[in-house]
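Asker: The file below is run.cif, mmCIF, C-alpha atoms:
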data_run
#
loop_
_atom_site.label_atom_id
_atom_site.label_comp_id
_atom_site.auth_asym_id
_atom_site.auth_seq_id
_atom_site.Cartn_x
_atom_site.Cartn_y
_atom_site.Cartn_z
CA ASN A 1 40.69 -163.95 125.84
CA ALA A 2 40.14 -160.22 125.93
CA GLY A 3 43.01 -158.12 127.15
CA VAL A 4 43.00 -155.52 129.88
CA MET A 5 40.26 -153.01 129.23
CA GLN A 6 40.41 -149.39 130.26
CA ASN A 7 37.84 -146.68 129.86
CA PRO A 8 37.53 -144.01 128.96
CA ARG A 9 40.49 -143.83 126.59
CA HIS A 10 40.47 -140.06 126.74
CA LEU A 11 39.13 -137.91 129.54
CA VAL A 12 39.02 -134.14 129.75
CA ARG A 13 38.33 -132.48 133.06
CA ARG A 14 38.40 -128.89 134.28
CA ARG A 15 40.44 -128.03 137.32
CA GLY A 16 38.58 -128.96 140.48
CA GLN A 17 36.48 -131.71 138.91
CA GLU A 18 36.73 -135.41 139.66
CA ALA A 19 38.19 -138.00 137.33
CA ARG A 20 37.24 -141.68 137.45
CA LEU A 21 39.29 -144.18 135.51
CA ARG A 22 38.14 -147.77 135.10
CA CYS A 23 40.10 -150.94 134.52
CA SER A 24 38.85 -154.45 133.84
CA PRO A 25 41.63 -157.03 134.21
CA MET A 26 42.15 -160.00 131.97
CA LYS A 27 40.00 -163.01 132.69
CA GLY A 28 41.49 -165.05 135.48
CA HIS A 29 43.69 -162.22 136.75
CA SER A 30 43.07 -161.13 140.31
CA HIS A 31 45.90 -158.59 140.63
CA VAL A 32 45.62 -155.04 139.32
CA TYR A 33 48.24 -152.31 139.13
CA TRP A 34 47.97 -148.64 138.25
CA TYR A 35 50.78 -146.57 136.71
CA ARG A 36 51.09 -142.97 135.62
CA GLN A 37 53.19 -141.80 132.69
CA LEU A 38 54.04 -138.20 131.99
CA PRO A 39 55.02 -137.23 128.43
CA GLU A 40 58.48 -138.48 127.46
CA GLU A 41 58.94 -140.19 130.82
CA GLY A 42 58.83 -143.75 132.09
CA LEU A 43 55.95 -145.28 133.97
CA LYS A 44 55.59 -144.58 137.68
CA PHE A 45 54.02 -147.20 139.90
CA MET A 46 51.04 -145.94 141.85
CA VAL A 47 49.13 -148.77 143.49
CA TYR A 48 48.75 -152.56 143.57
CA LEU A 49 45.41 -154.12 144.42
CA GLN A 50 43.87 -157.51 144.78
CA LYS A 51 40.16 -158.07 145.06
CA GLU A 52 38.87 -155.88 147.90
CA ASN A 53 42.41 -155.21 149.16
CA ILE A 54 45.06 -152.57 148.62
CA ILE A 55 48.39 -154.37 148.77
CA ASP A 56 50.83 -151.53 148.05
CA GLU A 57 49.90 -147.88 147.59
CA SER A 58 53.34 -146.45 148.15
CA GLY A 59 53.38 -144.71 144.79
CA MET A 60 50.08 -142.94 145.14
CA PRO A 61 49.84 -139.32 146.28
CA LYS A 62 48.43 -139.13 149.79
CA GLU A 63 45.77 -136.60 148.89
CA ARG A 64 43.07 -136.56 146.21
CA PHE A 65 43.94 -140.02 144.82
CA SER A 66 42.24 -143.26 145.74
CA ALA A 67 41.87 -146.70 144.21
CA GLU A 68 39.63 -149.67 144.72
CA PHE A 69 39.11 -153.12 143.26
CA PRO A 70 35.73 -154.37 144.46
CA LYS A 71 34.62 -157.97 144.57
CA GLU A 72 32.46 -157.34 141.53
CA GLY A 73 33.23 -154.92 138.75
CA PRO A 74 36.27 -153.06 137.50
CA SER A 75 39.05 -151.42 139.42
CA ILE A 76 38.58 -147.67 139.81
CA LEU A 77 41.25 -144.99 140.11
CA ARG A 78 39.68 -141.82 141.42
CA ILE A 79 41.25 -138.38 141.35
CA GLN A 80 39.42 -135.68 143.21
CA GLN A 81 39.78 -131.94 142.54
CA VAL A 82 42.07 -132.46 139.58
CA VAL A 83 44.87 -130.03 138.84
CA ARG A 84 46.80 -129.44 135.62
CA GLY A 85 49.70 -131.53 136.94
CA ASP A 86 47.43 -134.59 136.94
CA SER A 87 47.40 -134.54 133.13
CA ALA A 88 49.07 -137.78 132.09
CA ALA A 89 48.46 -141.23 130.71
CA TYR A 90 47.23 -143.66 133.35
CA PHE A 91 47.87 -147.32 132.65
CA CYS A 92 46.33 -150.29 134.34
CA ALA A 93 47.94 -153.73 134.31
CA SER A 94 46.83 -157.11 135.57
CA SER A 95 48.60 -160.34 136.37
CA PRO A 96 47.72 -163.83 137.47
CA PRO A 97 48.50 -164.73 141.08
CA SER A 98 51.28 -167.07 140.06
CA SER A 99 53.47 -164.56 138.21
CA THR A 100 53.04 -161.00 139.35
CA TYR A 101 56.15 -159.96 137.44
CA GLU A 102 54.41 -160.69 134.14
CA GLN A 103 51.97 -157.85 133.87
CA TYR A 104 49.61 -157.23 130.99
CA PHE A 105 48.87 -153.61 130.32
CA GLY A 106 45.76 -151.91 129.06
CA PRO A 107 45.73 -149.18 126.40
CA GLY A 108 45.70 -146.42 129.00
CA THR A 109 43.48 -143.45 129.78
CA ARG A 110 44.78 -140.06 128.73
CA LEU A 111 43.64 -137.47 131.20
CA THR A 112 43.76 -133.83 130.22
CA VAL A 113 43.03 -131.19 132.81
CA THR A 114 42.12 -127.80 131.40
CA LEU B 1 65.08 -153.04 144.24
CA ALA B 2 68.07 -153.31 141.94
CA LYS B 3 68.70 -150.32 139.73
CA THR B 4 69.13 -150.88 136.00
CA THR B 5 71.18 -148.94 133.48
CA GLN B 6 70.57 -149.15 129.74
CA PRO B 7 71.38 -146.93 126.76
CA ILE B 8 69.02 -144.03 126.23
CA SER B 9 68.69 -144.66 122.51
CA MET B 10 69.84 -146.95 119.71
CA ASP B 11 69.49 -146.90 115.93
CA SER B 12 69.55 -149.80 113.52
CA TYR B 13 68.31 -150.88 110.10
CA GLU B 14 65.72 -153.33 108.92
CA GLY B 15 66.92 -156.91 108.80
CA GLN B 16 69.69 -156.38 111.35
CA GLU B 17 70.01 -158.08 114.71
CA VAL B 18 69.74 -155.63 117.59
CA ASN B 19 71.23 -156.25 121.01
CA ILE B 20 70.28 -154.03 123.94
CA THR B 21 72.36 -154.49 127.06
CA CYS B 22 71.23 -153.68 130.55
CA SER B 23 73.38 -153.44 133.68
CA HIS B 24 72.01 -154.47 137.07
CA ASN B 25 75.00 -154.75 139.37
CA ASN B 26 72.96 -155.03 142.57
CA ILE B 27 70.70 -157.84 141.44
CA ALA B 28 69.60 -160.07 144.30
CA THR B 29 69.37 -163.84 144.38
CA ASN B 30 65.58 -163.85 144.06
CA ASP B 31 65.42 -161.28 141.28
CA TYR B 32 64.25 -162.00 137.76
CA ILE B 33 65.19 -159.97 134.69
CA THR B 34 62.22 -158.82 132.65
CA TRP B 35 61.91 -156.82 129.45
CA TYR B 36 58.96 -154.79 128.25
CA GLN B 37 58.28 -153.03 124.95
CA GLN B 38 56.23 -149.87 124.62
CA PHE B 39 54.93 -148.32 121.41
CA PRO B 40 53.82 -144.67 121.38
CA SER B 41 50.42 -144.13 122.97
CA GLN B 42 50.18 -147.73 124.11
CA GLY B 43 50.77 -149.62 127.32
CA PRO B 44 53.97 -151.65 127.75
CA ARG B 45 53.97 -155.20 126.52
CA PHE B 46 55.78 -158.03 128.29
CA ILE B 47 58.46 -159.46 126.00
CA ILE B 48 60.58 -161.92 127.91
CA GLN B 49 61.78 -162.85 131.36
CA GLY B 50 64.69 -164.92 132.62
CA TYR B 51 66.78 -165.83 135.61
CA LYS B 52 70.02 -167.10 134.15
CA THR B 53 71.71 -168.34 130.93
CA LYS B 54 69.53 -168.00 127.85
CA VAL B 55 65.82 -167.74 127.25
CA THR B 56 64.22 -167.62 123.82
CA ASN B 57 60.67 -167.10 122.68
CA GLU B 58 59.00 -166.17 119.42
CA VAL B 59 59.85 -162.50 119.86
CA ALA B 60 63.33 -162.27 121.34
CA SER B 61 66.20 -163.93 123.15
CA LEU B 62 67.55 -162.97 126.53
CA PHE B 63 71.17 -163.67 127.44
CA ILE B 64 72.22 -163.58 131.08
CA PRO B 65 75.85 -164.27 132.06
CA ALA B 66 76.73 -166.35 135.09
CA ASP B 67 77.21 -163.36 137.41
CA ARG B 68 73.78 -161.97 136.38
CA LYS B 69 75.04 -158.40 136.66
CA SER B 70 73.93 -157.66 133.14
CA SER B 71 71.60 -159.00 130.49
CA THR B 72 71.20 -158.59 126.75
CA LEU B 73 67.94 -158.51 124.88
CA SER B 74 68.44 -159.72 121.32
CA LEU B 75 65.92 -158.91 118.59
CA PRO B 76 66.59 -160.93 115.43
CA ARG B 77 66.07 -159.33 112.03
CA VAL B 78 64.29 -156.19 113.17
CA SER B 79 61.66 -154.41 111.11
CA LEU B 80 60.29 -150.89 111.19
CA SER B 81 57.55 -152.08 113.53
CA ASP B 82 60.14 -152.85 116.21
CA THR B 83 60.67 -149.11 116.71
CA ALA B 84 59.69 -148.66 120.36
CA VAL B 85 61.00 -148.05 123.85
CA TYR B 86 62.42 -151.13 125.57
CA TYR B 87 62.50 -151.33 129.34
CA CYS B 88 64.79 -153.60 131.35
CA LEU B 89 63.44 -154.40 134.79
CA VAL B 90 64.72 -156.39 137.71
CA VAL B 91 61.86 -157.76 139.73
CA GLY B 92 62.10 -159.63 142.97
CA TYR B 93 59.81 -162.61 143.08
CA SER B 94 58.87 -161.83 146.63
CA SER B 95 58.33 -158.14 145.97
CA ALA B 96 56.99 -158.33 142.46
CA SER B 97 54.16 -156.06 143.41
CA LYS B 98 56.18 -153.01 142.52
CA ILE B 99 57.84 -152.82 139.13
CA ILE B 100 60.16 -149.87 138.68
CA PHE B 101 60.34 -148.64 135.11
CA GLY B 102 63.41 -146.63 134.19
CA SER B 103 63.72 -144.40 131.16
CA GLY B 104 64.18 -147.34 128.81
CA THR B 105 66.02 -147.54 125.50
CA ARG B 106 64.42 -145.78 122.57
CA LEU B 107 65.09 -148.01 119.55
CA SER B 108 64.69 -146.51 116.09
CA ILE B 109 64.72 -148.77 113.05
CA ARG B 110 65.39 -147.26 109.64
CA PRO B 111 64.62 -148.70 106.20
#
Go ahead and render the structure in this file as structure tokens.

Answerer:
Amino acid sequence: NAGVMQNPRHLVRRRGQEARLRCSPMKGHSHVYWYRQLPEEGLKFMVYLQKENIIDESGMPKERFSAEFPKEGPSILRIQQVVRGDSAAYFCASSPPSSTYEQYFGPGTRLTVT
Amino acid sequence: LAKTTQPISMDSYEGQEVNITCSHNNIATNDYITWYQQFPSQGPRFIIQGYKTKVTNEVASLFIPADRKSSTLSLPRVSLSDTAVYYCLVVGYSSASKIIFGSGTRLSIRP
């Protein structure tokens, strides 16, 4: 059973460009979560999605950030007009419906904005 | 969401048992105690979860006293590969959508 997949693992963008981060949950998992981690800090919750629904986006900045989890395909975290402060590691996690407190994390995407 | 307090860092040696204690004074009736491990440049990994008394799996044991205001993660006979950051989380079953990670405990194991 493959784990949570994220791609790309590393992403470099210039200021003002768009960044798209992809996450494929574990097989059988219908819940996806996105977190951001700045260097030497803990993870910050961003958004919680189920298929075709955003359940909780209270941790996501109101502007420039969006997330989706379509019926088919991976979950996408999209950052428009990136700024240097967006540079961080972005982790995706998935869980089965029965135990949302047991989340399985992907390897992360390291975004660098130059 | 209950706030957790745990030591910022701990040091130990290979072969020793390591106990990391976490305080969660405001834990609610429906809350579970969950521990994650994170290696550098990797995503956190679920270690163990419990509600009360003692839980043991192949990786660790979790001790929770009757009042549930604290918990202790016990790692038996640590090795260098156990060097990581360990996060204690209190997660409400009904609000498990949002997991709040604190700063964690940075555990360093020496030869």

Asker: What residues in chain A lie within 10 Å of chain B, counting all atoms listed in the file, written as an mmCIF file with C-alpha atoms, keeping the file's coordinate frame?

Answerer:
data_model
loop_
_atom_site.group_PDB
_atom_site.id
_atom_site.type_symbol
_atom_site.label_atom_id
_atom_site.label_comp_id
_atom_site.auth_asym_id
_atom_site.auth_seq_id
_atom_site.Cartn_x
_atom_site.Cartn_y
_atom_site.Cartn_z
ATOM 1 C CA HIS A 31 45.900 -158.590 140.630
ATOM 2 C CA VAL A 32 45.620 -155.040 139.320
ATOM 3 C CA TYR A 33 48.240 -152.310 139.130
ATOM 4 C CA TYR A 35 50.780 -146.570 136.710
ATOM 5 C CA GLN A 37 53.190 -141.800 132.690
ATOM 6 C CA PRO A 39 55.020 -137.230 128.430
ATOM 7 C CA GLU A 40 58.480 -138.480 127.460
ATOM 8 C CA GLU A 41 58.940 -140.190 130.820
ATOM 9 C CA GLY A 42 58.830 -143.750 132.090
ATOM 10 C CA LEU A 43 55.950 -145.280 133.970
ATOM 11 C CA LYS A 44 55.590 -144.580 137.680
ATOM 12 C CA PHE A 45 54.020 -147.200 139.900
ATOM 13 C CA MET A 46 51.040 -145.940 141.850
ATOM 14 C CA VAL A 47 49.130 -148.770 143.490
ATOM 15 C CA TYR A 48 48.750 -152.560 143.570
ATOM 16 C CA LEU A 49 45.410 -154.120 144.420
ATOM 17 C CA ILE A 55 48.390 -154.370 148.770
ATOM 18 C CA ASP A 56 50.830 -151.530 148.050
ATOM 19 C CA GLU A 57 49.900 -147.880 147.590
ATOM 20 C CA SER A 58 53.340 -146.450 148.150
ATOM 21 C CA GLY A 59 53.380 -144.710 144.790
ATOM 22 C CA ALA A 89 48.460 -141.230 130.710
ATOM 23 C CA TYR A 90 47.230 -143.660 133.350
ATOM 24 C CA PHE A 91 47.870 -147.320 132.650
ATOM 25 C CA CYS A 92 46.330 -150.290 134.340
ATOM 26 C CA ALA A 93 47.940 -153.730 134.310
ATOM 27 C CA SER A 95 48.600 -160.340 136.370
ATOM 28 C CA SER A 99 53.470 -164.560 138.210
ATOM 29 C CA THR A 100 53.040 -161.000 139.350
ATOM 30 C CA TYR A 101 56.150 -159.960 137.440
ATOM 31 C CA GLU A 102 54.410 -160.690 134.140
ATOM 32 C CA GLN A 103 51.970 -157.850 133.870
ATOM 33 C CA TYR A 104 49.610 -157.230 130.990
ATOM 34 C CA PHE A 105 48.870 -153.610 130.320
ATOM 35 C CA GLY A 106 45.760 -151.910 129.060
ATOM 36 C CA PRO A 107 45.730 -149.180 126.400
ATOM 37 C CA GLY A 108 45.700 -146.420 129.000
ATOM 38 C CA THR A 109 43.480 -143.450 129.780
ATOM 39 C CA ARG A 110 44.780 -140.060 128.730
#

Asker: Using the chain letters and numbers from the file, which residues does the PyMOL selection byres ((chain A and resi 74-88) around 8) grab, as a PyMOL selection string?

Answerer: chain A and resi 13-25+32+34+36-39+64-70+72-73+89-90+110-114

Asker: Kindly give the distance, in Å, that separates CA of Pro76 (chain B) and CA of Asn57 (chain B), rounded to a single decimal.

Answerer: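 Result for CA of Pro76 (chain B) versus CA of Asn57 (chain B): 11.2 Å, one decimal.
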
Asker: To verify the selection step, state as a PDB file with C-alpha atoms, in the frame of the given file which residues the PyMOL selection byres ((chain B and resi 109) around 9) yields on this input.

Answerer:
ATOM      1  CA  MET B  10      69.840-146.950 119.710  1.00  0.00           C
ATOM      2  CA  ASP B  11      69.490-146.900 115.930  1.00  0.00           C
ATOM      3  CA  SER B  12      69.550-149.800 113.520  1.00  0.00           C
ATOM      4  CA  TYR B  13      68.310-150.880 110.100  1.00  0.00           C
ATOM      5  CA  GLU B  14      65.720-153.330 108.920  1.00  0.00           C
ATOM      6  CA  VAL B  78      64.290-156.190 113.170  1.00  0.00           C
ATOM      7  CA  SER B  79      61.660-154.410 111.110  1.00  0.00           C
ATOM      8  CA  LEU B  80      60.290-150.890 111.190  1.00  0.00           C
ATOM      9  CA  SER B  81      57.550-152.080 113.530  1.00  0.00           C
ATOM     10  CA  ASP B  82      60.140-152.850 116.210  1.00  0.00           C
ATOM     11  CA  THR B  83      60.670-149.110 116.710  1.00  0.00           C
ATOM     12  CA  ALA B  84      59.690-148.660 120.360  1.00  0.00           C
ATOM     13  CA  LEU B 107      65.090-148.010 119.550  1.00  0.00           C
ATOM     14  CA  SER B 108      64.690-146.510 116.090  1.00  0.00           C
ATOM     15  CA  ARG B 110      65.390-147.260 109.640  1.00  0.00           C
ATOM     16  CA  PRO B 111      64.620-148.700 106.200  1.00  0.00           C
TER      17      PRO B 111
END

Asker: I'd like the interatomic distance between CA of Ser30 (chain A) and CA of Gln50 (chain A), to a tenth of an Å.

Answerer: 5.8 Å

Asker: Please enumerate the residues selected by the PyMOL selection byres ((chain B and resi 17) around 8) when evaluated against the supplied file, formatted as a list in words.

Answerer: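 This file, filtered by the PyMOL selection byres ((chain B and resi 17) around 8), leaves Gly15, Gln16, Val18, Asn19, Ser74, Leu75, Pro76, Arg77 and Val78 of chain B.
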
Asker: Kindly indicate which residue among A:Lys71, A:Lys51, A:Lys27, A:Lys62 lies nearest to Ala2 (chain A), using all atoms listed in the file for the distances.

Answerer: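 Closest to Ala2 (chain A), using all atoms listed in the file: A:Lys27.
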
Asker: Would you list the contacts of Ser61 (chain B) as a VMD selection string, taking every protein, DNA or RNA residue within 6 Å and counting all atoms listed in the file, but skipping same-chain residues closer than 2 positions in sequence?

Answerer: chain B and resid 55 to 56 73 to 74
